[in-house]
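Working notes for the structure below.
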Amino acid sequence: MYPNPRVADFVTGNFVPVKIHVKEQPAAFKRFGAQWTPTLMVLDPEGKEQYRFEGYLPPEDFLAQLELGLAKSAFAHEEFAQAERRYREIVRKYPTLEAAPEAVYWAGVAKYKATGDAAALRDTAREMSQRYPASSWAKKASVWGG
Amino acid sequence: MRLRSTMAIQWTKDVDAALAQARTKNQALLLDFNAAPM
């Protein structure tokens with residue numbers, strides 16, 4: 001997927017990129033607990049892992065996963081407004097991909113965390129049931145009503 | 001349609017140098033653990 005210009009530009013613009021080959025750096029696999037290839041990890045600037053995914057993905061899905069990683073990193077740092085923006089952007093850009101319902105879910109959680117307003121969760125449950133009713137994330141959000 | 005990226009990815013293999021660079025630049029890291037033919 002790296003020859004894809006959108007992937008290359010996104011990686012270059014958002015990450016310090018590191019390639020670790022299983023035969024060249026087996027110790028790094030152990031260090032980070034990578035057990036399969038490809039494994040992609042998003043670490044925050046302090047070096048703490050925030051997200052990982054395994055297996056090949058087509059470019060659009062790959063980009064969506066990288067953006068999920070950045071959103072999760074913002075969330076983990078309690079930058080909830082930024083996290084919500086990132087999650088909403090994933091939904092806007094990749095509405096039909098697997099990342100979208102997860103992003104809807106976490107956008108709602110981020111909004112709730114930022115505002116303390118439980119309506120954010122109810123709205124999320126409603127949006128999930130309307131847009132992604134078959135998603136496991138819709139099941140998870142169903143407890144919030146809506 | 002563009003055939004090539006405007007920016008080729010400048011990969012490093014040095015994890016610790018990348019960690020230091022990420023801290024300095026306040027930027028996330030992407031680690032790609034792979035077994036691609038060398």
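To be explicit about the labels: the chains of the structure tokens are called A, B, and onward in the order shown, and within each one the residues are counted from 1, while ligands get numbers from 1 in the order they are shown.
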Taking a cut-off of 7 Å and counting only C-alpha atoms, can you build a table that, for each residue of segment 4-38 of chain B near segment 35-41 of chain A, reports the nearest atom pair and how far apart they are in Å (one decimal), sorted by chain then residue number, as JSON lines?
{"residue": "B:Leu30", "atom": "CA", "partner": "A:Met41", "partner_atom": "CA", "distance": 5.7}
{"residue": "B:Leu31", "atom": "CA", "partner": "A:Met41", "partner_atom": "CA", "distance": 5.0}
{"residue": "B:Asp32", "atom": "CA", "partner": "A:Leu40", "partner_atom": "CA", "distance": 4.8}
{"residue": "B:Phe33", "atom": "CA", "partner": "A:Thr39", "partner_atom": "CA", "distance": 5.1}
{"residue": "B:Asn34", "atom": "CA", "partner": "A:Pro38", "partner_atom": "CA", "distance": 4.7}
{"residue": "B:Ala35", "atom": "CA", "partner": "A:Thr37", "partner_atom": "CA", "distance": 6.2}
Can I get the selection written as a tab-separated table (two decimals), in the first residue's frame, with C-alpha atoms?
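Output file result-v9.tsv is given in full below:
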chain	number	residue	atom	x	y	z
B	30	LEU	CA	4.32	4.32	12.87
B	31	LEU	CA	6.06	0.99	13.37
B	32	ASP	CA	5.75	-1.43	10.46
B	33	PHE	CA	6.74	-4.94	11.48
B	34	ASN	CA	7.12	-6.84	8.25
B	35	ALA	CA	8.61	-9.84	6.49
Taking the backbone alone, and naming residues the way the document does, which bits of chain A are alpha helix (DSSP H) by DSSP, as a PyMOL selection string?
chain A and resi 5-14+26-32+59-76+80-93+99-115+119-131+136-141
Keeping only C-alpha atoms, write the selected residues to a file as a short mmCIF file (atom, residue, chain, number, x, y, z; two decimals), in the first residue's frame.
data_model
loop_
_atom_site.label_atom_id
_atom_site.label_comp_id
_atom_site.auth_asym_id
_atom_site.auth_seq_id
_atom_site.Cartn_x
_atom_site.Cartn_y
_atom_site.Cartn_z
CA PRO A 5 0.30 8.34 -3.04
CA ARG A 6 -2.37 9.07 -0.44
CA VAL A 7 -0.87 6.52 1.94
CA ALA A 8 2.64 7.82 1.37
CA ASP A 9 1.60 11.42 1.90
CA PHE A 10 -0.40 10.61 5.02
CA VAL A 11 2.39 8.58 6.59
CA THR A 12 4.97 11.23 5.77
CA GLY A 13 2.80 14.03 7.08
CA ASN A 14 1.74 12.43 10.33
CA PRO A 26 13.87 -9.98 15.80
CA ALA A 27 14.60 -8.30 19.15
CA ALA A 28 12.37 -5.37 18.18
CA PHE A 29 9.54 -7.83 17.50
CA LYS A 30 9.95 -9.13 21.05
CA ARG A 31 10.33 -5.66 22.51
CA PHE A 32 6.97 -4.55 21.14
CA PRO A 59 -5.02 1.54 0.93
CA GLU A 60 -8.33 3.09 2.00
CA ASP A 61 -8.78 0.70 4.91
CA PHE A 62 -5.14 1.16 5.83
CA LEU A 63 -5.54 4.93 5.92
CA ALA A 64 -8.69 4.61 8.03
CA GLN A 65 -6.81 2.45 10.53
CA LEU A 66 -3.95 4.94 10.75
CA GLU A 67 -6.45 7.71 11.40
CA LEU A 68 -8.10 5.58 14.08
CA GLY A 69 -4.70 5.27 15.69
CA LEU A 70 -4.22 9.03 15.79
CA ALA A 71 -7.73 9.54 17.15
CA LYS A 72 -7.13 6.95 19.87
CA SER A 73 -3.88 8.66 20.76
CA ALA A 74 -5.67 12.00 21.19
CA PHE A 75 -8.33 10.29 23.28
CA ALA A 76 -5.71 8.61 25.48
CA PHE A 80 -11.30 14.81 23.69
CA ALA A 81 -12.33 17.59 21.33
CA GLN A 82 -9.47 16.75 19.01
CA ALA A 83 -10.25 13.05 19.30
CA GLU A 84 -13.88 13.67 18.37
CA ARG A 85 -12.81 15.72 15.34
CA ARG A 86 -10.52 12.94 14.21
CA TYR A 87 -13.19 10.28 14.66
CA ARG A 88 -15.77 12.37 12.78
CA GLU A 89 -13.31 12.85 9.98
CA ILE A 90 -12.91 9.08 9.67
CA VAL A 91 -16.69 8.69 9.37
CA ARG A 92 -16.84 11.46 6.78
CA LYS A 93 -13.99 10.09 4.67
CA ALA A 99 -13.52 1.76 10.72
CA ALA A 100 -16.59 3.98 10.40
CA PRO A 101 -18.92 2.47 13.01
CA GLU A 102 -16.06 2.24 15.49
CA ALA A 103 -15.30 5.90 14.81
CA VAL A 104 -18.95 6.87 15.36
CA TYR A 105 -18.91 5.06 18.68
CA TRP A 106 -15.74 6.71 19.91
CA ALA A 107 -16.71 10.14 18.60
CA GLY A 108 -19.73 9.91 20.86
CA VAL A 109 -17.63 8.83 23.81
CA ALA A 110 -15.15 11.62 23.17
CA LYS A 111 -17.97 14.17 23.03
CA TYR A 112 -19.39 12.83 26.26
CA LYS A 113 -15.98 12.99 27.91
CA ALA A 114 -15.52 16.57 26.71
CA THR A 115 -18.95 17.82 27.73
CA ALA A 119 -27.13 13.24 25.22
CA ALA A 120 -23.92 12.65 23.27
CA LEU A 121 -24.22 8.95 24.03
CA ARG A 122 -27.93 8.79 23.26
CA ASP A 123 -27.35 10.57 19.95
CA THR A 124 -24.57 8.14 19.16
CA ALA A 125 -26.77 5.14 19.85
CA ARG A 126 -29.40 6.60 17.53
CA GLU A 127 -26.90 7.35 14.78
CA MET A 128 -25.43 3.89 15.11
CA SER A 129 -28.78 2.14 14.85
CA GLN A 130 -29.65 4.18 11.78
CA ARG A 131 -26.36 4.04 9.90
CA SER A 136 -21.00 -4.84 16.68
CA TRP A 137 -20.48 -1.20 17.65
CA ALA A 138 -24.23 -0.65 17.31
CA LYS A 139 -24.75 -3.42 19.87
CA LYS A 140 -22.25 -1.78 22.19
CA ALA A 141 -23.95 1.61 21.82
#
Taking only C-alpha atoms into account, produce a table as CSV in which each residue of chain B with an atom at most 7 Å from an atom of chain A appears once, together with its shortest atom pair and the distance in Å to one decimal, ordered by chain and rising number.
residue,atom,partner,partner_atom,distance
B:Arg4,CA,A:Pro5,CA,5.7
B:Ser5,CA,A:Pro5,CA,3.8
B:Thr6,CA,A:Asp9,CA,6.8
B:Met7,CA,A:Asp9,CA,5.8
B:Ala8,CA,A:Ala8,CA,6.2
B:Ile9,CA,A:Thr12,CA,5.6
B:Trp11,CA,A:Pro17,CA,5.2
B:Thr12,CA,A:Val18,CA,4.9
B:Lys13,CA,A:Lys19,CA,5.4
B:Val15,CA,A:Val18,CA,6.6
B:Ala18,CA,A:Val16,CA,6.4
B:Leu19,CA,A:Gly47,CA,6.0
B:Ala22,CA,A:Pro45,CA,5.0
B:Arg23,CA,A:Pro45,CA,4.9
B:Asn26,CA,A:Pro45,CA,5.2
B:Gln27,CA,A:Pro45,CA,5.1
B:Ala28,CA,A:Asp44,CA,4.6
B:Leu29,CA,A:Val16,CA,4.6
B:Leu30,CA,A:Pro17,CA,4.8
B:Leu31,CA,A:Val18,CA,4.9
B:Asp32,CA,A:Leu40,CA,4.8
B:Phe33,CA,A:Ile20,CA,4.8
B:Asn34,CA,A:Pro38,CA,4.7
B:Ala35,CA,A:Val22,CA,5.5
Enter the distance from atom CA of Ala118 of chain A to atom CA of Glu79 of chain A, in Å, rounded to one decimal.
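Atom CA of Glu79 of chain A lies 18.4 Å from atom CA of Ala118 of chain A.
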Where does DSSP see strand (DSSP E) in chain A, if you list the residues as JSON, numbers by chain?
{"A": [15, 16, 17, 18, 19, 20, 21, 39, 40, 41, 42, 43, 49, 50, 51, 52, 53, 54]}
Would you mind exporting the chosen residues as a tab-separated table (two decimals), in the first residue's frame, restricted to N, CA and C atoms?
chain	number	residue	atom	x	y	z
A	15	PHE	N	3.60	10.92	10.72
A	15	PHE	CA	4.33	9.97	11.55
A	15	PHE	C	5.84	10.08	11.35
A	16	VAL	N	6.56	9.63	12.35
A	16	VAL	CA	7.95	9.22	12.17
A	16	VAL	C	7.87	7.74	11.82
A	17	PRO	N	8.17	7.37	10.57
A	17	PRO	CA	7.94	5.99	10.12
A	17	PRO	C	9.15	5.07	10.32
A	18	VAL	N	8.86	3.89	10.86
A	18	VAL	CA	9.94	2.93	11.17
A	18	VAL	C	9.57	1.58	10.56
A	19	LYS	N	10.48	1.02	9.79
A	19	LYS	CA	10.29	-0.32	9.23
A	19	LYS	C	11.17	-1.30	10.00
A	20	ILE	N	10.55	-2.39	10.43
A	20	ILE	CA	11.27	-3.38	11.23
A	20	ILE	C	11.06	-4.74	10.58
A	21	HIS	N	12.15	-5.29	10.05
A	21	HIS	CA	12.05	-6.57	9.34
A	21	HIS	C	12.29	-7.72	10.31
A	39	THR	N	2.43	-6.29	11.12
A	39	THR	CA	1.80	-5.65	12.27
A	39	THR	C	2.15	-4.16	12.21
A	40	LEU	N	1.15	-3.34	12.33
A	40	LEU	CA	1.35	-1.89	12.33
A	40	LEU	C	1.00	-1.35	13.70
A	41	MET	N	1.88	-0.53	14.23
A	41	MET	CA	1.63	0.08	15.54
A	41	MET	C	1.73	1.58	15.44
A	42	VAL	N	0.78	2.24	16.10
A	42	VAL	CA	0.84	3.69	16.25
A	42	VAL	C	1.26	3.98	17.69
A	43	LEU	N	2.38	4.66	17.82
A	43	LEU	CA	2.87	5.07	19.13
A	43	LEU	C	2.72	6.57	19.27
A	49	GLU	N	2.49	2.77	23.00
A	49	GLU	CA	1.61	2.21	21.98
A	49	GLU	C	0.17	2.64	22.22
A	50	GLN	N	-0.48	3.13	21.16
A	50	GLN	CA	-1.88	3.53	21.27
A	50	GLN	C	-2.80	2.68	20.41
A	51	TYR	N	-2.22	2.01	19.42
A	51	TYR	CA	-3.08	1.23	18.52
A	51	TYR	C	-2.22	0.28	17.71
A	52	ARG	N	-2.77	-0.88	17.41
A	52	ARG	CA	-2.09	-1.79	16.50
A	52	ARG	C	-3.10	-2.54	15.67
A	53	PHE	N	-2.70	-2.93	14.49
A	53	PHE	CA	-3.52	-3.82	13.69
A	53	PHE	C	-2.61	-4.75	12.89
A	54	GLU	N	-3.14	-5.94	12.63
A	54	GLU	CA	-2.36	-6.95	11.94
A	54	GLU	C	-3.01	-7.28	10.61
Quick one, how far is atom CA of Gln10 of chain B from atom CA of Met1 of chain A?
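We find that atom CA of Gln10 of chain B and atom CA of Met1 of chain A lie 14.9 Å from each other.
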